[in-house]
$ cat final.cif   # mmCIF, C-alpha atoms and all ligand atoms
data_input
loop_
_atom_site.group_PDB
_atom_site.id
_atom_site.type_symbol
_atom_site.label_atom_id
_atom_site.label_comp_id
_atom_site.auth_asym_id
_atom_site.auth_seq_id
_atom_site.Cartn_x
_atom_site.Cartn_y
_atom_site.Cartn_z
ATOM 1 C CA TYR D 372 99.310 101.808 125.317
ATOM 2 C CA GLY D 373 101.868 98.984 125.333
ATOM 3 C CA ASP D 374 99.862 96.493 123.311
ATOM 4 C CA PHE D 375 97.657 99.094 121.646
ATOM 5 C CA ASN D 376 98.521 97.742 118.214
ATOM 6 C CA GLN D 377 97.271 94.269 119.025
ATOM 7 C CA LYS D 378 93.832 95.601 119.782
ATOM 8 C CA ILE D 379 92.974 97.089 116.416
ATOM 9 C CA ASP D 380 89.503 95.982 115.397
ATOM 10 C CA TYR D 381 89.429 97.381 111.862
ATOM 11 C CA VAL D 382 91.826 98.771 109.283
ATOM 12 C CA PHE D 383 90.143 101.003 106.714
ATOM 13 C CA LYS D 384 91.988 101.964 103.564
ATOM 14 C CA VAL D 385 90.876 105.320 102.179
ATOM 15 C CA VAL D 386 92.311 106.868 99.012
ATOM 16 C CA LEU D 387 92.678 110.551 98.197
ATOM 17 C CA ILE D 388 92.132 111.483 94.552
ATOM 18 C CA GLY D 389 91.758 114.642 92.520
ATOM 19 C CA ASP D 390 93.888 116.972 90.441
ATOM 20 C CA SER D 391 97.372 117.998 91.428
ATOM 21 C CA ALA D 392 97.683 120.932 93.881
ATOM 22 C CA VAL D 393 94.137 120.800 95.266
ATOM 23 C CA GLY D 394 95.539 120.083 98.736
ATOM 24 C CA LYS D 395 95.352 116.305 99.140
ATOM 25 C CA THR D 396 98.734 116.038 100.840
ATOM 26 C CA GLN D 397 97.985 118.893 103.216
ATOM 27 C CA LEU D 398 94.582 117.486 104.144
ATOM 28 C CA LEU D 399 96.301 114.248 105.059
ATOM 29 C CA ALA D 400 99.063 116.022 106.987
ATOM 30 C CA ARG D 401 96.434 118.001 108.886
ATOM 31 C CA PHE D 402 94.405 114.926 109.763
ATOM 32 C CA ALA D 403 97.257 112.543 110.570
ATOM 33 C CA ARG D 404 99.715 114.891 112.292
ATOM 34 C CA ASN D 405 97.884 118.210 112.664
ATOM 35 C CA GLU D 406 100.467 119.827 110.418
ATOM 36 C CA PHE D 407 100.422 122.061 107.385
ATOM 37 C CA SER D 408 103.386 123.053 105.254
ATOM 38 C CA VAL D 409 103.284 125.666 102.541
ATOM 39 C CA ASP D 410 105.915 123.925 100.461
ATOM 40 C CA SER D 411 104.673 120.379 100.524
ATOM 41 C CA LYS D 412 105.904 118.017 97.823
ATOM 42 C CA ALA D 413 109.102 116.361 98.997
ATOM 43 C CA THR D 414 108.619 112.949 97.454
ATOM 44 C CA ILE D 415 106.896 111.443 94.468
ATOM 45 C CA GLY D 416 105.288 108.060 94.715
ATOM 46 C CA VAL D 417 102.341 106.446 96.428
ATOM 47 C CA GLU D 418 102.372 106.862 100.180
ATOM 48 C CA PHE D 419 100.004 106.427 103.043
ATOM 49 C CA GLN D 420 99.699 107.588 106.619
ATOM 50 C CA THR D 421 97.774 106.061 109.428
ATOM 51 C CA LYS D 422 95.783 107.380 112.329
ATOM 52 C CA THR D 423 94.122 105.247 114.948
ATOM 53 C CA LEU D 424 90.829 106.366 116.405
ATOM 54 C CA VAL D 425 87.857 105.052 118.288
ATOM 55 C CA ILE D 426 84.478 104.669 116.602
ATOM 56 C CA ASP D 427 81.616 103.139 118.524
ATOM 57 C CA GLN D 428 84.075 101.741 121.104
ATOM 58 C CA LYS D 429 86.037 99.930 118.400
ATOM 59 C CA ILE D 430 89.635 100.753 117.569
ATOM 60 C CA VAL D 431 89.849 101.715 113.917
ATOM 61 C CA LYS D 432 93.096 102.259 112.101
ATOM 62 C CA ALA D 433 92.586 104.597 109.165
ATOM 63 C CA GLN D 434 95.153 104.048 106.433
ATOM 64 C CA ILE D 435 94.920 107.074 104.166
ATOM 65 C CA TRP D 436 96.659 106.903 100.800
ATOM 66 C CA ASP D 437 97.964 109.924 98.937
ATOM 67 C CA THR D 438 98.891 109.838 95.265
ATOM 68 C CA ALA D 439 101.886 112.041 96.126
ATOM 69 C CA GLY D 440 102.265 113.547 92.672
ATOM 70 C CA GLN D 441 101.397 110.511 90.566
ATOM 71 C CA GLU D 442 98.164 112.120 89.355
ATOM 72 C CA ARG D 443 100.250 114.436 87.184
ATOM 73 C CA TYR D 444 101.271 111.539 85.017
ATOM 74 C CA ARG D 445 97.902 109.781 85.005
ATOM 75 C CA ALA D 446 99.747 106.968 86.691
ATOM 76 C CA VAL D 447 97.259 106.167 89.427
ATOM 77 C CA THR D 448 96.985 102.430 89.018
ATOM 78 C CA SER D 449 94.509 99.816 90.109
ATOM 79 C CA ALA D 450 96.900 98.876 92.942
ATOM 80 C CA TYR D 451 96.171 102.258 94.453
ATOM 81 C CA TYR D 452 92.444 101.510 94.617
ATOM 82 C CA ARG D 453 92.781 97.868 95.660
ATOM 83 C CA GLY D 454 91.170 97.162 99.016
ATOM 84 C CA ALA D 455 89.989 100.750 99.454
ATOM 85 C CA VAL D 456 86.734 101.068 101.394
ATOM 86 C CA GLY D 457 86.616 104.852 101.136
ATOM 87 C CA ALA D 458 87.619 107.554 98.675
ATOM 88 C CA MET D 459 87.958 111.300 99.080
ATOM 89 C CA LEU D 460 87.468 113.206 95.835
ATOM 90 C CA VAL D 461 89.189 116.523 96.374
ATOM 91 C CA TYR D 462 88.901 119.716 94.314
ATOM 92 C CA ASP D 463 90.194 123.224 94.940
ATOM 93 C CA MET D 464 87.217 125.552 95.303
ATOM 94 C CA THR D 465 89.256 128.392 93.763
ATOM 95 C CA LYS D 466 89.941 126.322 90.600
ATOM 96 C CA ARG D 467 86.852 125.564 88.577
ATOM 97 C CA GLN D 468 88.717 123.057 86.427
ATOM 98 C CA SER D 469 89.584 120.889 89.403
ATOM 99 C CA PHE D 470 85.843 120.640 90.138
ATOM 100 C CA ASP D 471 84.942 119.992 86.502
ATOM 101 C CA HIS D 472 87.371 117.061 86.569
ATOM 102 C CA MET D 473 85.501 115.419 89.449
ATOM 103 C CA ALA D 474 83.259 113.513 87.025
ATOM 104 C CA ARG D 475 86.328 112.017 85.412
ATOM 105 C CA TRP D 476 87.869 111.036 88.729
ATOM 106 C CA LEU D 477 84.579 109.502 89.760
ATOM 107 C CA GLU D 478 84.483 107.452 86.584
ATOM 108 C CA GLU D 479 88.041 106.318 87.198
ATOM 109 C CA LEU D 480 87.058 105.342 90.723
ATOM 110 C CA ARG D 481 83.988 103.441 89.600
ATOM 111 C CA ASP D 482 86.110 101.571 87.036
ATOM 112 C CA HIS D 483 88.787 100.521 89.508
ATOM 113 C CA ALA D 484 87.352 100.447 93.007
ATOM 114 C CA ASP D 485 84.931 98.218 94.856
ATOM 115 C CA LYS D 486 81.332 99.100 94.062
ATOM 116 C CA ASN D 487 80.459 99.587 97.747
ATOM 117 C CA ILE D 488 83.204 102.143 98.339
ATOM 118 C CA VAL D 489 82.099 105.177 100.384
ATOM 119 C CA ILE D 490 82.864 108.368 98.475
ATOM 120 C CA MET D 491 83.176 111.881 99.822
ATOM 121 C CA LEU D 492 83.428 115.032 97.693
ATOM 122 C CA ILE D 493 85.663 117.675 99.262
ATOM 123 C CA GLY D 494 85.982 121.311 98.258
ATOM 124 C CA ASN D 495 89.286 122.350 99.809
ATOM 125 C CA LYS D 496 90.812 125.821 100.438
ATOM 126 C CA CYS D 497 87.644 127.375 101.878
ATOM 127 C CA ASP D 498 89.922 129.891 103.655
ATOM 128 C CA LEU D 499 90.300 131.556 100.231
ATOM 129 C CA GLY D 500 86.674 132.668 100.165
ATOM 130 C CA SER D 501 87.213 135.750 98.021
ATOM 131 C CA LEU D 502 88.709 133.581 95.247
ATOM 132 C CA ARG D 503 85.893 131.057 95.224
ATOM 133 C CA ALA D 504 85.194 129.667 91.736
ATOM 134 C CA VAL D 505 82.848 126.836 92.691
ATOM 135 C CA PRO D 506 79.558 127.753 94.401
ATOM 136 C CA THR D 507 78.615 125.433 97.255
ATOM 137 C CA GLU D 508 75.298 124.704 95.515
ATOM 138 C CA ASP D 509 77.042 123.369 92.383
ATOM 139 C CA ALA D 510 79.013 120.900 94.459
ATOM 140 C CA GLN D 511 75.991 119.963 96.560
ATOM 141 C CA GLU D 512 73.991 119.273 93.427
ATOM 142 C CA PHE D 513 76.759 117.108 91.956
ATOM 143 C CA ALA D 514 77.156 115.226 95.239
ATOM 144 C CA GLN D 515 73.444 114.604 95.502
ATOM 145 C CA ARG D 516 73.196 113.399 91.923
ATOM 146 C CA GLU D 517 76.144 111.034 92.343
ATOM 147 C CA ASN D 518 75.214 109.952 95.855
ATOM 148 C CA LEU D 519 78.340 111.306 97.552
ATOM 149 C CA PHE D 520 78.902 112.881 100.937
ATOM 150 C CA PHE D 521 80.076 116.476 100.619
ATOM 151 C CA MET D 522 82.041 118.947 102.710
ATOM 152 C CA GLU D 523 84.090 122.120 102.276
ATOM 153 C CA THR D 524 87.427 122.190 104.095
ATOM 154 C CA SER D 525 90.563 124.170 104.712
ATOM 155 C CA ALA D 526 93.708 122.195 105.416
ATOM 156 C CA LEU D 527 95.417 125.520 106.125
ATOM 157 C CA GLU D 528 93.000 126.633 108.835
ATOM 158 C CA ALA D 529 91.999 123.109 109.871
ATOM 159 C CA THR D 530 88.358 123.794 109.021
ATOM 160 C CA ASN D 531 86.194 120.659 108.808
ATOM 161 C CA VAL D 532 89.208 118.382 108.290
ATOM 162 C CA GLU D 533 88.604 116.245 111.368
ATOM 163 C CA THR D 534 84.864 116.202 110.679
ATOM 164 C CA THR D 535 85.376 115.132 107.088
ATOM 165 C CA PHE D 536 87.588 112.178 107.961
ATOM 166 C CA LEU D 537 85.339 111.192 110.874
ATOM 167 C CA THR D 538 82.293 111.308 108.620
ATOM 168 C CA ILE D 539 83.731 108.989 105.998
ATOM 169 C CA LEU D 540 85.257 106.606 108.557
ATOM 170 C CA THR D 541 82.033 106.419 110.550
ATOM 171 C CA GLU D 542 80.056 105.730 107.395
ATOM 172 C CA ILE D 543 82.497 102.970 106.407
ATOM 173 C CA TYR D 544 82.192 101.519 109.893
ATOM 174 C CA ARG D 545 78.398 101.607 109.655
ATOM 175 C CA ILE D 546 78.494 99.642 106.401
ATOM 176 C CA ILE D 547 81.149 97.133 107.415
ATOM 177 C CA SER D 548 80.165 96.318 110.996
HETATM 178 P P1 LIG W 1 98.159 117.979 96.242
HETATM 179 O O1 LIG W 1 99.005 118.042 95.007
HETATM 180 O O2 LIG W 1 96.707 117.783 95.907
HETATM 181 O O3 LIG W 1 98.647 116.968 97.254
HETATM 182 O O4 LIG W 1 98.231 119.428 96.921
HETATM 183 P P2 LIG W 1 99.143 119.938 98.147
HETATM 184 O O5 LIG W 1 98.650 119.386 99.442
HETATM 185 O O6 LIG W 1 100.572 119.708 97.817
HETATM 186 O O7 LIG W 1 98.808 121.493 98.132
HETATM 187 C C1 LIG W 1 99.041 122.266 96.968
HETATM 188 C C2 LIG W 1 99.236 123.722 97.352
HETATM 189 O O8 LIG W 1 98.034 124.242 97.932
HETATM 190 C C3 LIG W 1 100.325 123.917 98.397
HETATM 191 O O9 LIG W 1 100.996 125.123 98.117
HETATM 192 C C4 LIG W 1 99.562 124.026 99.694
HETATM 193 O O10 LIG W 1 100.250 124.810 100.638
HETATM 194 C C5 LIG W 1 98.277 124.706 99.242
HETATM 195 N N1 LIG W 1 97.116 124.330 100.076
HETATM 196 C C6 LIG W 1 96.728 123.076 100.427
HETATM 197 N N2 LIG W 1 95.625 123.123 101.178
HETATM 198 C C7 LIG W 1 95.286 124.427 101.321
HETATM 199 C C8 LIG W 1 94.229 125.129 101.998
HETATM 200 O O11 LIG W 1 93.344 124.560 102.646
HETATM 201 N N3 LIG W 1 94.220 126.493 101.882
HETATM 202 C C9 LIG W 1 95.180 127.180 101.176
HETATM 203 N N4 LIG W 1 95.076 128.493 101.131
HETATM 204 N N5 LIG W 1 96.190 126.540 100.533
HETATM 205 C C10 LIG W 1 96.248 125.199 100.602
#
$ encode --input "final.cif" --output "structure tokens"
Amino acid sequence: YGDFNQKIDYVFKVVLIGDSAVGKTQLLARFARNEFSVDSKATIGVEFQTKTLVIDQKIVKAQIWDTAGQERYRAVTSAYYRGAVGAMLVYDMTKRQSFDHMARWLEELRDHADKNIVIMLIGNKCDLGSLRAVPTEDAQEFAQRENLFFMETSALEATNVETTFLTILTEIYRIIS
């Protein structure tokens, strides 16, 4: 792996958006480092993490950006969206409001991001099934109407996290290559 870095074929910037506390940071921690921490917010400010993977025999470096608390102040700026080829719209399936806000986040995304951006709707915290406030069908219907990919995840239990990131990255690869 000595010159592994020199061999990167693609770098894909993907942004995480959605209300505060839906689990964006933990989804990223799970994907990038296979970690989860109950008490997560150490820093405030835009941050990203990378993970290198192979898609169709090409080395793809995923650069995943997390708002890291900025969404609380409606301070997500156009710099955050600049160059992004993918976006993950995350809601908490136990918080109806976080799903109802998806339309607003989508509008924000369509105002600031490239029009060909690949968008994935993610209902996180599916481990909390008994507290579910957003039926799968509601999210599916919204995703279909808005032409988004859709998946339910748990960062806590690592359910569908890998699949979700692989799906969006593979779709980006399909469009770009
Ligand atoms: P963010 O503000 O969207 O980045 O949300 P965080 O990643 O900081 O998560 C907010 C809270 O939800 C934290 O207490 C996490 O431990 C918790 N959390 C995140 N993902 C999950 C999950 O999949 N299941 C459960 N039960 N809790 C989660």
$ residues_around --input "final.cif" --residues "Asn531 (chain D)" --least-positions-apart "2" --cutoff "12 Å" --atoms "all atoms listed in the file" --output "PyMOL selection string"
chain D and resi 398+401-402+493-498+521-529+533-538
$ residues_near_ligand --input "final.cif" --ligand "ligand LIG 1 (chain W)" --cutoff "10 Å" --atoms "only C-alpha atoms and all ligand atoms" --output "ChimeraX atom specification"
/D:387-401,407-413,437-443,461-465,494-500,523-530,532
$ write_last_selection --input "final.cif" --atoms "C-alpha atoms" --output "PDB file, in the coordinates of the input"
ATOM      1  CA  LEU D 387      92.678 110.551  98.197  1.00  0.00           C
ATOM      2  CA  ILE D 388      92.132 111.483  94.552  1.00  0.00           C
ATOM      3  CA  GLY D 389      91.758 114.642  92.520  1.00  0.00           C
ATOM      4  CA  ASP D 390      93.888 116.972  90.441  1.00  0.00           C
ATOM      5  CA  SER D 391      97.372 117.998  91.428  1.00  0.00           C
ATOM      6  CA  ALA D 392      97.683 120.932  93.881  1.00  0.00           C
ATOM      7  CA  VAL D 393      94.137 120.800  95.266  1.00  0.00           C
ATOM      8  CA  GLY D 394      95.539 120.083  98.736  1.00  0.00           C
ATOM      9  CA  LYS D 395      95.352 116.305  99.140  1.00  0.00           C
ATOM     10  CA  THR D 396      98.734 116.038 100.840  1.00  0.00           C
ATOM     11  CA  GLN D 397      97.985 118.893 103.216  1.00  0.00           C
ATOM     12  CA  LEU D 398      94.582 117.486 104.144  1.00  0.00           C
ATOM     13  CA  LEU D 399      96.301 114.248 105.059  1.00  0.00           C
ATOM     14  CA  ALA D 400      99.063 116.022 106.987  1.00  0.00           C
ATOM     15  CA  ARG D 401      96.434 118.001 108.886  1.00  0.00           C
ATOM     16  CA  PHE D 407     100.422 122.061 107.385  1.00  0.00           C
ATOM     17  CA  SER D 408     103.386 123.053 105.254  1.00  0.00           C
ATOM     18  CA  VAL D 409     103.284 125.666 102.541  1.00  0.00           C
ATOM     19  CA  ASP D 410     105.915 123.925 100.461  1.00  0.00           C
ATOM     20  CA  SER D 411     104.673 120.379 100.524  1.00  0.00           C
ATOM     21  CA  LYS D 412     105.904 118.017  97.823  1.00  0.00           C
ATOM     22  CA  ALA D 413     109.102 116.361  98.997  1.00  0.00           C
ATOM     23  CA  ASP D 437      97.964 109.924  98.937  1.00  0.00           C
ATOM     24  CA  THR D 438      98.891 109.838  95.265  1.00  0.00           C
ATOM     25  CA  ALA D 439     101.886 112.041  96.126  1.00  0.00           C
ATOM     26  CA  GLY D 440     102.265 113.547  92.672  1.00  0.00           C
ATOM     27  CA  GLN D 441     101.397 110.511  90.566  1.00  0.00           C
ATOM     28  CA  GLU D 442      98.164 112.120  89.355  1.00  0.00           C
ATOM     29  CA  ARG D 443     100.250 114.436  87.184  1.00  0.00           C
ATOM     30  CA  VAL D 461      89.189 116.523  96.374  1.00  0.00           C
ATOM     31  CA  TYR D 462      88.901 119.716  94.314  1.00  0.00           C
ATOM     32  CA  ASP D 463      90.194 123.224  94.940  1.00  0.00           C
ATOM     33  CA  MET D 464      87.217 125.552  95.303  1.00  0.00           C
ATOM     34  CA  THR D 465      89.256 128.392  93.763  1.00  0.00           C
ATOM     35  CA  GLY D 494      85.982 121.311  98.258  1.00  0.00           C
ATOM     36  CA  ASN D 495      89.286 122.350  99.809  1.00  0.00           C
ATOM     37  CA  LYS D 496      90.812 125.821 100.438  1.00  0.00           C
ATOM     38  CA  CYS D 497      87.644 127.375 101.878  1.00  0.00           C
ATOM     39  CA  ASP D 498      89.922 129.891 103.655  1.00  0.00           C
ATOM     40  CA  LEU D 499      90.300 131.556 100.231  1.00  0.00           C
ATOM     41  CA  GLY D 500      86.674 132.668 100.165  1.00  0.00           C
ATOM     42  CA  GLU D 523      84.090 122.120 102.276  1.00  0.00           C
ATOM     43  CA  THR D 524      87.427 122.190 104.095  1.00  0.00           C
ATOM     44  CA  SER D 525      90.563 124.170 104.712  1.00  0.00           C
ATOM     45  CA  ALA D 526      93.708 122.195 105.416  1.00  0.00           C
ATOM     46  CA  LEU D 527      95.417 125.520 106.125  1.00  0.00           C
ATOM     47  CA  GLU D 528      93.000 126.633 108.835  1.00  0.00           C
ATOM     48  CA  ALA D 529      91.999 123.109 109.871  1.00  0.00           C
ATOM     49  CA  THR D 530      88.358 123.794 109.021  1.00  0.00           C
ATOM     50  CA  VAL D 532      89.208 118.382 108.290  1.00  0.00           C
TER      51      VAL D 532
END
$ resolve_selection --input "final.cif" --expression "the PyMOL selection byres (((chain D and resi 428) around 12) and not hetatm)" --output "list in words"
Lys378, Ile379, Asp380, Tyr381, Leu424, Val425, Ile426, Asp427, Lys429, Ile430, Val431, Thr541 and Tyr544 of chain D
$ closest_residue --input "final.cif" --among "D:Phe520, D:Tyr452, D:Phe419, D:Trp476" --to "Gln434 (chain D)" --atoms "only C-alpha atoms"
D:Phe419
$ closest_residue --input "final.cif" --among "D:Leu519, D:Phe383, D:Arg481, D:Pro506" --to "Ser548 (chain D)" --atoms "all atoms listed in the file"
D:Phe383
$ resolve_selection --input "final.cif" --expression "the PyMOL selection byres (((chain D and resi 458) around 6) and not hetatm)" --output "PDB file with C-alpha atoms, keeping the file's coordinate frame"
ATOM      1  CA  VAL D 385      90.876 105.320 102.179  1.00  0.00           C
ATOM      2  CA  VAL D 386      92.311 106.868  99.012  1.00  0.00           C
ATOM      3  CA  LEU D 387      92.678 110.551  98.197  1.00  0.00           C
ATOM      4  CA  GLY D 457      86.616 104.852 101.136  1.00  0.00           C
ATOM      5  CA  MET D 459      87.958 111.300  99.080  1.00  0.00           C
ATOM      6  CA  ILE D 490      82.864 108.368  98.475  1.00  0.00           C
TER       7      ILE D 490
END
